[in-house]
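Undergrad: Pasting start-v6.pdb here (PDB, C-alpha atoms):
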ATOM      1  CA  MET T   1      19.804   0.128  -4.917
ATOM      2  CA  ASP T   2      20.089   0.367  -8.706
ATOM      3  CA  ASP T   3      16.330  -0.160  -9.017
ATOM      4  CA  ALA T   4      15.655   2.635  -6.537
ATOM      5  CA  LYS T   5      18.007   4.995  -8.390
ATOM      6  CA  GLU T   6      16.240   4.185 -11.650
ATOM      7  CA  GLY T   7      12.886   5.034 -10.100
ATOM      8  CA  GLU T   8      14.228   8.318  -8.789
ATOM      9  CA  ARG T   9      15.664   9.170 -12.202
ATOM     10  CA  ASP T  10      12.316   8.473 -13.904
ATOM     11  CA  ALA T  11      10.725  11.072 -11.634
ATOM     12  CA  GLY T  12      13.407  13.648 -12.412
ATOM     13  CA  GLY T  13      13.488  16.844 -14.389
ATOM     14  CA  THR T  14      12.434  15.346 -17.740
ATOM     15  CA  ALA T  15       9.010  14.277 -16.425
ATOM     16  CA  PRO T  16       5.960  16.582 -16.763
ATOM     17  CA  LEU T  17       5.474  19.079 -13.952
ATOM     18  CA  PRO T  18       2.233  17.536 -12.554
ATOM     19  CA  PHE T  19       3.966  14.183 -12.154
ATOM     20  CA  ARG T  20       7.062  15.736 -10.585
ATOM     21  CA  SER T  21       4.886  17.683  -8.139
ATOM     22  CA  ALA T  22       2.979  14.539  -7.186
ATOM     23  CA  VAL T  23       6.236  12.636  -6.598
ATOM     24  CA  ASP T  24       7.760  15.500  -4.584
ATOM     25  CA  ALA T  25       4.735  15.367  -2.270
ATOM     26  CA  LEU T  26       5.248  11.634  -1.748
ATOM     27  CA  ARG T  27       8.902  12.161  -0.877
ATOM     28  CA  ALA T  28       8.075  14.872   1.666
ATOM     29  CA  THR T  29       5.363  12.959   3.547
ATOM     30  CA  ARG T  30       6.075  12.305   7.234
ATOM     31  CA  LEU T  31       4.989   8.865   8.440
ATOM     32  CA  ARG T  32       4.603   7.111  11.767
ATOM     33  CA  PRO T  33       7.916   5.665  13.036
ATOM     34  CA  GLU T  34       6.910   1.999  12.739
ATOM     35  CA  ILE T  35       6.725   2.292   8.946
ATOM     36  CA  GLU T  36       9.966   2.026   6.982
ATOM     37  CA  ILE T  37       9.619   3.216   3.393
ATOM     38  CA  GLU T  38      11.918   3.680   0.426
ATOM     39  CA  PRO T  39      11.700   4.117  -3.366
ATOM     40  CA  THR T  40      11.891   1.051  -5.550
ATOM     41  CA  ARG T  41      11.881   0.327  -9.268
ATOM     42  CA  PRO T  42       8.481   1.183 -10.776
ATOM     43  CA  PRO T  43       6.696  -0.905 -13.431
ATOM     44  CA  GLN T  44       7.714   0.055 -16.965
ATOM     45  CA  ARG T  45       4.638  -0.646 -19.115
ATOM     46  CA  LEU T  46       1.600   0.474 -17.145
ATOM     47  CA  ALA T  47       1.901   4.193 -17.902
ATOM     48  CA  PRO T  48       4.294   6.675 -19.534
ATOM     49  CA  TYR T  49       5.460   7.782 -16.067
ATOM     50  CA  ALA T  50       5.573   5.816 -12.816
ATOM     51  CA  TYR T  51       7.037   6.086  -9.328
ATOM     52  CA  ALA T  52       7.023   3.322  -6.719
ATOM     53  CA  LEU T  53       7.547   2.967  -2.987
ATOM     54  CA  GLU T  54       7.889  -0.140  -0.860
ATOM     55  CA  ALA T  55       7.213  -0.178   2.858
ATOM     56  CA  ALA T  56       7.283  -2.462   5.882
ATOM     57  CA  VAL T  57       5.675  -2.144   9.282
ATOM     58  CA  VAL T  58       8.489  -2.952  11.694
ATOM     59  CA  GLU T  59       8.380  -3.541  15.424
ATOM     60  CA  GLY T  60      11.778  -4.345  16.874
ATOM     61  CA  ASP T  61      13.352  -6.845  14.491
ATOM     62  CA  GLU T  62      10.030  -8.152  13.187
ATOM     63  CA  ASP T  63       8.133  -7.310  10.001
ATOM     64  CA  LEU T  64       4.409  -7.248  10.751
ATOM     65  CA  ALA T  65       3.248  -6.278   7.242
ATOM     66  CA  ASP T  66       4.671  -5.025   3.977
ATOM     67  CA  GLY T  67       3.456  -3.422   0.812
ATOM     68  CA  ARG T  68       4.113  -1.513  -2.375
ATOM     69  CA  LEU T  69       2.503   1.667  -3.682
ATOM     70  CA  VAL T  70       2.854   2.777  -7.312
ATOM     71  CA  LEU T  71       1.914   6.168  -8.724
ATOM     72  CA  LEU T  72       1.079   6.087 -12.444
ATOM     73  CA  TYR T  73       0.692   9.109 -14.711
ATOM     74  CA  ASP T  74      -0.522   9.404 -18.274
ATOM     75  CA  PRO T  75      -0.670  13.040 -19.488
ATOM     76  CA  ALA T  76      -3.221  12.078 -22.139
ATOM     77  CA  GLY T  77      -5.564  10.569 -19.583
ATOM     78  CA  HIS T  78      -6.791   6.999 -19.401
ATOM     79  CA  ASP T  79     -10.354   5.893 -20.087
ATOM     80  CA  ALA T  80     -10.321   3.115 -17.490
ATOM     81  CA  TRP T  81      -8.882   5.423 -14.840
ATOM     82  CA  GLN T  82     -11.166   8.356 -15.650
ATOM     83  CA  GLY T  83      -8.183  10.606 -15.020
ATOM     84  CA  CYS T  84      -4.465  11.113 -15.590
ATOM     85  CA  PHE T  85      -3.219   9.613 -12.301
ATOM     86  CA  ARG T  86      -3.669   6.154 -10.821
ATOM     87  CA  LEU T  87      -2.485   4.574  -7.567
ATOM     88  CA  VAL T  88      -1.818   0.833  -7.446
ATOM     89  CA  THR T  89      -1.044  -1.095  -4.283
ATOM     90  CA  LEU T  90      -0.168  -4.461  -2.820
ATOM     91  CA  VAL T  91      -0.377  -5.009   0.970
ATOM     92  CA  ARG T  92       0.415  -8.283   2.778
ATOM     93  CA  ALA T  93       0.393  -9.573   6.347
ATOM     94  CA  GLU T  94       0.480 -12.912   8.139
ATOM     95  CA  LEU T  95      -2.562 -14.096  10.095
ATOM     96  CA  GLU T  96      -3.524 -16.705  12.607
ATOM     97  CA  PRO T  97      -5.113 -19.588  10.629
ATOM     98  CA  GLU T  98      -8.366 -19.363  12.578
ATOM     99  CA  MET T  99      -8.591 -15.661  11.777
ATOM    100  CA  ALA T 100      -8.037 -16.354   8.090
ATOM    101  CA  ALA T 101     -11.018 -18.721   8.181
ATOM    102  CA  ASP T 102     -13.427 -15.889   9.020
ATOM    103  CA  PRO T 103     -15.801 -15.694   6.021
ATOM    104  CA  LEU T 104     -16.174 -11.929   6.426
ATOM    105  CA  LEU T 105     -12.431 -11.196   6.401
ATOM    106  CA  PRO T 106     -12.166 -10.202   2.685
ATOM    107  CA  GLU T 107     -15.014  -7.693   2.984
ATOM    108  CA  VAL T 108     -13.534  -6.278   6.180
ATOM    109  CA  CYS T 109     -10.078  -5.872   4.625
ATOM    110  CA  TRP T 110     -11.518  -4.091   1.579
ATOM    111  CA  SER T 111     -13.455  -1.751   3.882
ATOM    112  CA  TRP T 112     -10.148  -0.890   5.595
ATOM    113  CA  LEU T 113      -8.803   0.429   2.293
ATOM    114  CA  THR T 114     -11.851   2.522   1.446
ATOM    115  CA  GLY T 115     -12.215   3.605   5.071
ATOM    116  CA  ALA T 116      -8.586   4.780   5.211
ATOM    117  CA  LEU T 117      -9.193   7.012   2.202
ATOM    118  CA  GLN T 118     -12.504   8.327   3.466
ATOM    119  CA  SER T 119     -11.199   9.030   6.979
ATOM    120  CA  ARG T 120      -8.802  11.597   5.495
ATOM    121  CA  GLY T 121     -11.519  13.158   3.365
ATOM    122  CA  LEU T 122      -9.933  12.061   0.095
ATOM    123  CA  SER T 123     -11.837  12.097  -3.165
ATOM    124  CA  TYR T 124     -11.182   9.142  -5.448
ATOM    125  CA  GLY T 125     -12.850   7.124  -8.177
ATOM    126  CA  GLU T 126     -12.860   3.850 -10.097
ATOM    127  CA  PRO T 127     -11.649   1.649  -7.211
ATOM    128  CA  SER T 128     -10.969  -2.001  -7.998
ATOM    129  CA  GLY T 129      -9.059  -4.841  -6.430
ATOM    130  CA  THR T 130      -8.923  -8.250  -4.814
ATOM    131  CA  VAL T 131      -8.483  -9.602  -1.300
ATOM    132  CA  THR T 132      -6.791 -13.002  -1.176
ATOM    133  CA  ARG T 133      -6.134 -15.272   1.777
ATOM    134  CA  ALA T 134      -3.769 -18.203   1.497
ATOM    135  CA  GLY T 135      -2.723 -20.956   3.886
ATOM    136  CA  SER T 136       0.390 -23.120   4.112
ATOM    137  CA  HIS T 137       0.680 -26.476   5.924
ATOM    138  CA  TYR T 138       4.058 -28.140   6.374
ATOM    139  CA  PHE T 139       4.923 -31.829   6.106
ATOM    140  CA  GLY T 140       7.913 -34.165   6.293
ATOM    141  CA  GLY T 141      11.073 -32.382   7.318
ATOM    142  CA  LEU T 142       9.080 -29.145   7.749
ATOM    143  CA  ALA T 143       6.316 -30.681   9.882
ATOM    144  CA  ALA T 144       7.496 -28.872  13.022
ATOM    145  CA  ARG T 145       6.502 -25.529  11.532
ATOM    146  CA  PRO T 146       3.080 -24.229  12.515
ATOM    147  CA  ALA T 147       0.508 -23.676   9.786
ATOM    148  CA  ALA T 148       0.748 -20.174   8.314
ATOM    149  CA  SER T 149      -1.868 -17.940   6.704
ATOM    150  CA  GLN T 150      -1.524 -14.678   4.806
ATOM    151  CA  ILE T 151      -3.880 -11.936   3.711
ATOM    152  CA  GLU T 152      -3.109  -9.939   0.579
ATOM    153  CA  ILE T 153      -4.840  -6.828  -0.741
ATOM    154  CA  ARG T 154      -4.273  -5.763  -4.346
ATOM    155  CA  ALA T 155      -6.064  -2.576  -5.319
ATOM    156  CA  SER T 156      -6.022   0.512  -7.481
ATOM    157  CA  TRP T 157      -7.930   3.776  -7.506
ATOM    158  CA  THR T 158      -7.904   7.171  -9.204
ATOM    159  CA  PRO T 159      -6.986  10.056  -6.896
ATOM    160  CA  ARG T 160      -9.014  13.108  -7.867
ATOM    161  CA  GLU T 161      -6.891  15.995  -9.097
ATOM    162  CA  VAL T 162      -6.987  19.234  -7.122
ATOM    163  CA  LEU T 163      -4.825  22.349  -7.436
ATOM    164  CA  GLY T 164      -2.841  22.529 -10.659
ATOM    165  CA  GLY T 165      -4.209  19.219 -11.890
ATOM    166  CA  VAL T 166      -2.261  17.318  -9.204
ATOM    167  CA  PRO T 167      -3.866  15.021  -6.597
ATOM    168  CA  ASP T 168      -2.964  15.234  -2.925
ATOM    169  CA  THR T 169      -0.564  12.307  -3.120
ATOM    170  CA  ALA T 170       0.826  12.993   0.360
ATOM    171  CA  ALA T 171      -2.598  12.400   1.894
ATOM    172  CA  HIS T 172      -3.121   9.285  -0.228
ATOM    173  CA  LEU T 173       0.235   7.940   0.946
ATOM    174  CA  ALA T 174      -0.707   8.667   4.558
ATOM    175  CA  SER T 175      -4.007   6.820   4.142
ATOM    176  CA  TRP T 176      -2.174   3.882   2.565
ATOM    177  CA  CYS T 177       0.145   3.786   5.581
ATOM    178  CA  ASP T 178      -2.948   3.807   7.807
ATOM    179  CA  LEU T 179      -4.030   0.649   5.973
ATOM    180  CA  LEU T 180      -0.590  -0.921   6.425
ATOM    181  CA  ALA T 181      -0.627  -0.209  10.149
ATOM    182  CA  GLN T 182      -4.164  -1.523  10.463
ATOM    183  CA  ILE T 183      -3.456  -4.823   8.741
ATOM    184  CA  ALA T 184      -0.307  -5.168  10.865
ATOM    185  CA  GLY T 185      -2.422  -4.944  14.021
ATOM    186  CA  LEU T 186      -1.045  -1.616  15.245
ATOM    187  CA  PRO T 187      -3.341   0.787  17.076
ATOM    188  CA  PRO T 188      -4.383   3.781  14.987
ATOM    189  CA  ALA T 189      -2.231   6.892  15.353
ATOM    190  CA  VAL T 190      -5.225   9.043  16.307
ATOM    191  CA  ASP T 191      -6.864  10.380  19.462
ATOM    192  CA  PRO T 192      -9.062   7.885  21.351
ATOM    193  CA  GLY T 193     -12.064  10.100  20.689
ATOM    194  CA  ASP T 194     -11.831   9.652  16.941
ATOM    195  CA  ALA T 195     -13.841   7.095  14.974
ATOM    196  CA  ALA T 196     -13.260   3.530  16.117
ATOM    197  CA  VAL T 197     -10.957   1.410  14.006
ATOM    198  CA  VAL T 198     -10.846  -2.387  14.143
ATOM    199  CA  THR T 199      -7.369  -3.800  13.545
ATOM    200  CA  LEU T 200      -6.034  -7.296  13.191
ATOM    201  CA  PRO T 201      -4.795  -8.533  16.579
ATOM    202  CA  GLN T 202      -1.080  -9.251  16.941
ATOM    203  CA  ARG T 203      -0.228 -12.373  14.988
ATOM    204  CA  ARG T 204       1.924 -15.314  15.974
ATOM    205  CA  GLY T 205       5.458 -15.406  14.632
ATOM    206  CA  PRO T 206       5.873 -12.446  12.260
ATOM    207  CA  GLN T 207       8.786 -12.682   9.882
ATOM    208  CA  SER T 208      12.201 -11.810  11.256
ATOM    209  CA  ARG T 209      14.293  -9.317   9.395
TER     210      ARG T 209
END
Written as structure tokens, that's how I'd like the structure from this file.
TA:
Amino acid sequence: MDDAKEGERDAGGTAPLPFRSAVDALRATRLRPEIEIEPTRPPQRLAPYAYALEAAVVEGDEDLADGRLVLLYDPAGHDAWQGCFRLVTLVRAELEPEMAADPLLPEVCWSWLTGALQSRGLSYGEPSGTVTRAGSHYFGGLAARPAASQIEIRASWTPREVLGGVPDTAAHLASWCDLLAQIAGLPPAVDPGDAAVVTLPQRRGPQSR
């Protein structure tokens, strides 16, 4: 709770207006009911101003996926970002081991991120990131546990600034939540006639809350 309060304070009245406007848009975004989201402590050394959110995709008492989204702002601009704002994310979900063995899975997961942004018509630049899959096998006293696999997406991109030098952070947050829902295996919250979206099928044994 203290970390969340600190993040809220950093986005308060002493911050520049473009940053405050971008944060206000994040706070006002309405999300699908399966996604629980709250502010958390932002990183301190990546930019002069930062705001962070953490989220989980929840179905009943089970967490299907979780993630973190950080908004960075440097009023002077940043050469590597090619802009004043930057979004940084981490998204994780558990997989069936046989699914994690698919050699095309990293490319597919990365396309989910870029596709989520493009499906909402968002303009962005300088994307970068990694897709990591990891497996755990249990032995000895833990041998009864089934093997577990996890997919993790770490990424960042520069949201293009629009009116007043502020990006549409609400739409970027919504697209990020689309990615979270997709990696959790939820059906897309769109009409059936819209573009097809391939999601991860429901996984065995998601984490209990």
Undergrad: Would you write out, as a PyMOL selection string, every residue that the PyMOL selection byres ((chain T and resi 98) around 12) captures in this file?
TA: chain T and resi 94-97+99-103+105+133+135+147-150+203-204
Undergrad: At what distance in Å, to one decimal, does atom CA of Arg86 of chain T lie from atom CA of Leu72 of chain T?
TA: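 Going from atom CA of Leu72 of chain T over to atom CA of Arg86 of chain T covers 5.0 Å.
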Undergrad: Run the PyMOL selection byres ((chain T and resi 110) around 12) against the file shown and list the residues it catches, as a list in words.
TA: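 Listing what the PyMOL selection byres ((chain T and resi 110) around 12) selects in the shown file: Val91, Leu104, Leu105, Pro106, Glu107, Val108, Cys109, Ser111, Trp112, Leu113, Thr114, Gly115, Ala116, Leu117, Pro127, Ser128, Gly129, Thr130, Val131, Thr132, Ile151, Glu152, Ile153, Arg154, Ala155, Ser156, Leu179, Gln182 and Ile183 of chain T.
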Undergrad: Please produce a file of the residues just selected, as an mmCIF file, keeping the file's coordinate frame, where the atoms kept are C-alpha atoms.
TA:
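Here's the written file out-v4.cif:
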data_model
loop_
_atom_site.group_PDB
_atom_site.id
_atom_site.type_symbol
_atom_site.label_atom_id
_atom_site.label_comp_id
_atom_site.auth_asym_id
_atom_site.auth_seq_id
_atom_site.Cartn_x
_atom_site.Cartn_y
_atom_site.Cartn_z
ATOM 1 C CA VAL T 91 -0.377 -5.009 0.970
ATOM 2 C CA LEU T 104 -16.174 -11.929 6.426
ATOM 3 C CA LEU T 105 -12.431 -11.196 6.401
ATOM 4 C CA PRO T 106 -12.166 -10.202 2.685
ATOM 5 C CA GLU T 107 -15.014 -7.693 2.984
ATOM 6 C CA VAL T 108 -13.534 -6.278 6.180
ATOM 7 C CA CYS T 109 -10.078 -5.872 4.625
ATOM 8 C CA SER T 111 -13.455 -1.751 3.882
ATOM 9 C CA TRP T 112 -10.148 -0.890 5.595
ATOM 10 C CA LEU T 113 -8.803 0.429 2.293
ATOM 11 C CA THR T 114 -11.851 2.522 1.446
ATOM 12 C CA GLY T 115 -12.215 3.605 5.071
ATOM 13 C CA ALA T 116 -8.586 4.780 5.211
ATOM 14 C CA LEU T 117 -9.193 7.012 2.202
ATOM 15 C CA PRO T 127 -11.649 1.649 -7.211
ATOM 16 C CA SER T 128 -10.969 -2.001 -7.998
ATOM 17 C CA GLY T 129 -9.059 -4.841 -6.430
ATOM 18 C CA THR T 130 -8.923 -8.250 -4.814
ATOM 19 C CA VAL T 131 -8.483 -9.602 -1.300
ATOM 20 C CA THR T 132 -6.791 -13.002 -1.176
ATOM 21 C CA ILE T 151 -3.880 -11.936 3.711
ATOM 22 C CA GLU T 152 -3.109 -9.939 0.579
ATOM 23 C CA ILE T 153 -4.840 -6.828 -0.741
ATOM 24 C CA ARG T 154 -4.273 -5.763 -4.346
ATOM 25 C CA ALA T 155 -6.064 -2.576 -5.319
ATOM 26 C CA SER T 156 -6.022 0.512 -7.481
ATOM 27 C CA LEU T 179 -4.030 0.649 5.973
ATOM 28 C CA GLN T 182 -4.164 -1.523 10.463
ATOM 29 C CA ILE T 183 -3.456 -4.823 8.741
#
Undergrad: Translate the PyMOL selection byres ((chain T and resi 166) around 10), as applied to the file shown, into an explicit residue set as a list of chain:residue names.
TA: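 Checked against the file, the PyMOL selection byres ((chain T and resi 166) around 10) matches T:Leu17, T:Pro18, T:Phe19, T:Arg20, T:Ser21, T:Ala22, T:Cys84, T:Phe85, T:Pro159, T:Arg160, T:Glu161, T:Val162, T:Leu163, T:Gly164, T:Gly165, T:Pro167, T:Asp168, T:Thr169.
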Undergrad: For a quick check of understanding, using only C-alpha atoms, which of T:Ala47, T:Ser136, T:Val88, T:Gln82 has the smallest distance to Val70 of chain T?
TA: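 Under the stated criterion, the closest residue is T:Val88.
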Undergrad: To one decimal in Å, tell me the separation between atom CA of Pro48 of chain T and atom CA of Gly77 of chain T.
TA: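 Between atom CA of Pro48 of chain T and atom CA of Gly77 of chain T the gap is 10.6 Å.
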Undergrad: Record the distance separating atom CA of His172 of chain T and atom CA of Leu69 of chain T, expressed in Å with one decimal.
TA: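 Going from atom CA of His172 of chain T over to atom CA of Leu69 of chain T, I get 10.1 Å.
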Undergrad: Using all atoms listed in the file for the distances, tell me which of T:Asp24, T:Trp157, T:Ala15, T:Ala93 is nearest to Pro75 of chain T.
TA: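 Looking at the shortest contact to Pro75 of chain T, the residue is T:Ala15.
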Undergrad: I'd like to know which of T:Leu142, T:Ala80, T:Leu90, T:Ala174 is closest to Arg27 of chain T, using all atoms listed in the file.
TA: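 Closest candidate: T:Ala174.
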Undergrad: Determine, counting all atoms listed in the file, which protein, DNA and RNA residues have an atom within 12 Å of an atom of Glu54 of chain T; residues of the same chain fewer than 3 positions away are not included. Present the result as a list of chain:residue names.
TA: T:Asp3, T:Ala4, T:Gly7, T:Ile35, T:Glu36, T:Ile37, T:Glu38, T:Pro39, T:Thr40, T:Arg41, T:Pro42, T:Tyr51, T:Val57, T:Ala65, T:Asp66, T:Gly67, T:Arg68, T:Leu69, T:Val70, T:Leu71, T:Val88, T:Thr89, T:Leu90, T:Val91, T:Arg92, T:Leu173, T:Trp176, T:Cys177, T:Leu180
Undergrad: From the coordinates I just gave you, please extract segment 15-26 of chain T so that only all heavy atoms remain, then output it as a PDB file, in the first residue's frame.
TA:
ATOM      1  N   ALA T  15       4.201  17.323 -10.780  1.00  0.00           N
ATOM      2  CA  ALA T  15       4.682  16.792 -12.052  1.00  0.00           C
ATOM      3  C   ALA T  15       4.245  17.702 -13.192  1.00  0.00           C
ATOM      4  O   ALA T  15       3.251  18.427 -13.086  1.00  0.00           O
ATOM      5  CB  ALA T  15       4.154  15.378 -12.258  1.00  0.00           C
ATOM      6  N   PRO T  16       4.959  17.688 -14.330  1.00  0.00           N
ATOM      7  CA  PRO T  16       4.557  18.494 -15.489  1.00  0.00           C
ATOM      8  C   PRO T  16       3.167  18.108 -15.990  1.00  0.00           C
ATOM      9  O   PRO T  16       2.738  16.954 -15.869  1.00  0.00           O
ATOM     10  CB  PRO T  16       5.636  18.168 -16.532  1.00  0.00           C
ATOM     11  CG  PRO T  16       6.801  17.673 -15.740  1.00  0.00           C
ATOM     12  CD  PRO T  16       6.229  16.970 -14.556  1.00  0.00           C
ATOM     13  N   LEU T  17       2.475  19.060 -16.573  1.00  0.00           N
ATOM     14  CA  LEU T  17       1.105  18.850 -17.017  1.00  0.00           C
ATOM     15  C   LEU T  17       0.967  17.698 -18.017  1.00  0.00           C
ATOM     16  O   LEU T  17       0.026  16.897 -17.888  1.00  0.00           O
ATOM     17  CB  LEU T  17       0.545  20.143 -17.620  1.00  0.00           C
ATOM     18  CG  LEU T  17      -0.906  20.067 -18.135  1.00  0.00           C
ATOM     19  CD1 LEU T  17      -1.859  19.653 -17.023  1.00  0.00           C
ATOM     20  CD2 LEU T  17      -1.311  21.412 -18.730  1.00  0.00           C
ATOM     21  N   PRO T  18       1.843  17.553 -19.018  1.00  0.00           N
ATOM     22  CA  PRO T  18       1.671  16.415 -19.947  1.00  0.00           C
ATOM     23  C   PRO T  18       1.697  15.067 -19.228  1.00  0.00           C
ATOM     24  O   PRO T  18       0.899  14.181 -19.550  1.00  0.00           O
ATOM     25  CB  PRO T  18       2.850  16.569 -20.912  1.00  0.00           C
ATOM     26  CG  PRO T  18       3.177  18.019 -20.876  1.00  0.00           C
ATOM     27  CD  PRO T  18       2.943  18.443 -19.454  1.00  0.00           C
ATOM     28  N   PHE T  19       2.589  14.931 -18.261  1.00  0.00           N
ATOM     29  CA  PHE T  19       2.656  13.672 -17.516  1.00  0.00           C
ATOM     30  C   PHE T  19       1.401  13.468 -16.684  1.00  0.00           C
ATOM     31  O   PHE T  19       0.826  12.375 -16.652  1.00  0.00           O
ATOM     32  CB  PHE T  19       3.904  13.669 -16.634  1.00  0.00           C
ATOM     33  CG  PHE T  19       4.049  12.427 -15.802  1.00  0.00           C
ATOM     34  CD1 PHE T  19       4.337  11.206 -16.391  1.00  0.00           C
ATOM     35  CD2 PHE T  19       3.893  12.477 -14.424  1.00  0.00           C
ATOM     36  CE1 PHE T  19       4.468  10.053 -15.631  1.00  0.00           C
ATOM     37  CE2 PHE T  19       4.029  11.328 -13.654  1.00  0.00           C
ATOM     38  CZ  PHE T  19       4.324  10.116 -14.257  1.00  0.00           C
ATOM     39  N   ARG T  20       0.942  14.520 -16.005  1.00  0.00           N
ATOM     40  CA  ARG T  20      -0.262  14.398 -15.189  1.00  0.00           C
ATOM     41  C   ARG T  20      -1.475  14.040 -16.053  1.00  0.00           C
ATOM     42  O   ARG T  20      -2.318  13.227 -15.660  1.00  0.00           O
ATOM     43  CB  ARG T  20      -0.521  15.693 -14.424  1.00  0.00           C
ATOM     44  CG  ARG T  20       0.407  15.867 -13.222  1.00  0.00           C
ATOM     45  CD  ARG T  20       0.004  17.065 -12.392  1.00  0.00           C
ATOM     46  NE  ARG T  20       0.482  18.316 -12.964  1.00  0.00           N
ATOM     47  CZ  ARG T  20      -0.242  19.395 -13.161  1.00  0.00           C
ATOM     48  NH1 ARG T  20      -1.527  19.398 -12.863  1.00  0.00           N
ATOM     49  NH2 ARG T  20       0.295  20.485 -13.675  1.00  0.00           N
ATOM     50  N   SER T  21      -1.559  14.626 -17.244  1.00  0.00           N
ATOM     51  CA  SER T  21      -2.674  14.318 -18.137  1.00  0.00           C
ATOM     52  C   SER T  21      -2.617  12.863 -18.595  1.00  0.00           C
ATOM     53  O   SER T  21      -3.656  12.183 -18.666  1.00  0.00           O
ATOM     54  CB  SER T  21      -2.636  15.243 -19.362  1.00  0.00           C
ATOM     55  OG  SER T  21      -2.794  16.596 -18.977  1.00  0.00           O
ATOM     56  N   ALA T  22      -1.413  12.387 -18.891  1.00  0.00           N
ATOM     57  CA  ALA T  22      -1.263  10.997 -19.323  1.00  0.00           C
ATOM     58  C   ALA T  22      -1.646  10.033 -18.206  1.00  0.00           C
ATOM     59  O   ALA T  22      -2.292   9.008 -18.444  1.00  0.00           O
ATOM     60  CB  ALA T  22       0.180  10.748 -19.774  1.00  0.00           C
ATOM     61  N   VAL T  23      -1.269  10.352 -16.970  1.00  0.00           N
ATOM     62  CA  VAL T  23      -1.607   9.501 -15.828  1.00  0.00           C
ATOM     63  C   VAL T  23      -3.103   9.544 -15.543  1.00  0.00           C
ATOM     64  O   VAL T  23      -3.729   8.516 -15.258  1.00  0.00           O
ATOM     65  CB  VAL T  23      -0.794   9.921 -14.591  1.00  0.00           C
ATOM     66  CG1 VAL T  23      -1.310   9.213 -13.331  1.00  0.00           C
ATOM     67  CG2 VAL T  23       0.687   9.620 -14.800  1.00  0.00           C
ATOM     68  N   ASP T  24      -3.711  10.731 -15.624  1.00  0.00           N
ATOM     69  CA  ASP T  24      -5.154  10.850 -15.401  1.00  0.00           C
ATOM     70  C   ASP T  24      -5.929   9.967 -16.385  1.00  0.00           C
ATOM     71  O   ASP T  24      -6.942   9.351 -16.019  1.00  0.00           O
ATOM     72  CB  ASP T  24      -5.596  12.303 -15.549  1.00  0.00           C
ATOM     73  CG  ASP T  24      -5.167  13.171 -14.370  1.00  0.00           C
ATOM     74  OD1 ASP T  24      -4.798  12.604 -13.322  1.00  0.00           O
ATOM     75  OD2 ASP T  24      -5.189  14.405 -14.520  1.00  0.00           O
ATOM     76  N   ALA T  25      -5.457   9.901 -17.629  1.00  0.00           N
ATOM     77  CA  ALA T  25      -6.129   9.059 -18.620  1.00  0.00           C
ATOM     78  C   ALA T  25      -6.014   7.582 -18.252  1.00  0.00           C
ATOM     79  O   ALA T  25      -6.964   6.809 -18.434  1.00  0.00           O
ATOM     80  CB  ALA T  25      -5.538   9.310 -20.005  1.00  0.00           C
ATOM     81  N   LEU T  26      -4.868   7.176 -17.723  1.00  0.00           N
ATOM     82  CA  LEU T  26      -4.712   5.792 -17.278  1.00  0.00           C
ATOM     83  C   LEU T  26      -5.688   5.474 -16.151  1.00  0.00           C
ATOM     84  O   LEU T  26      -6.318   4.410 -16.132  1.00  0.00           O
ATOM     85  CB  LEU T  26      -3.281   5.545 -16.800  1.00  0.00           C
ATOM     86  CG  LEU T  26      -2.173   5.558 -17.846  1.00  0.00           C
ATOM     87  CD1 LEU T  26      -0.816   5.402 -17.176  1.00  0.00           C
ATOM     88  CD2 LEU T  26      -2.396   4.451 -18.877  1.00  0.00           C
TER      89      LEU T  26
END
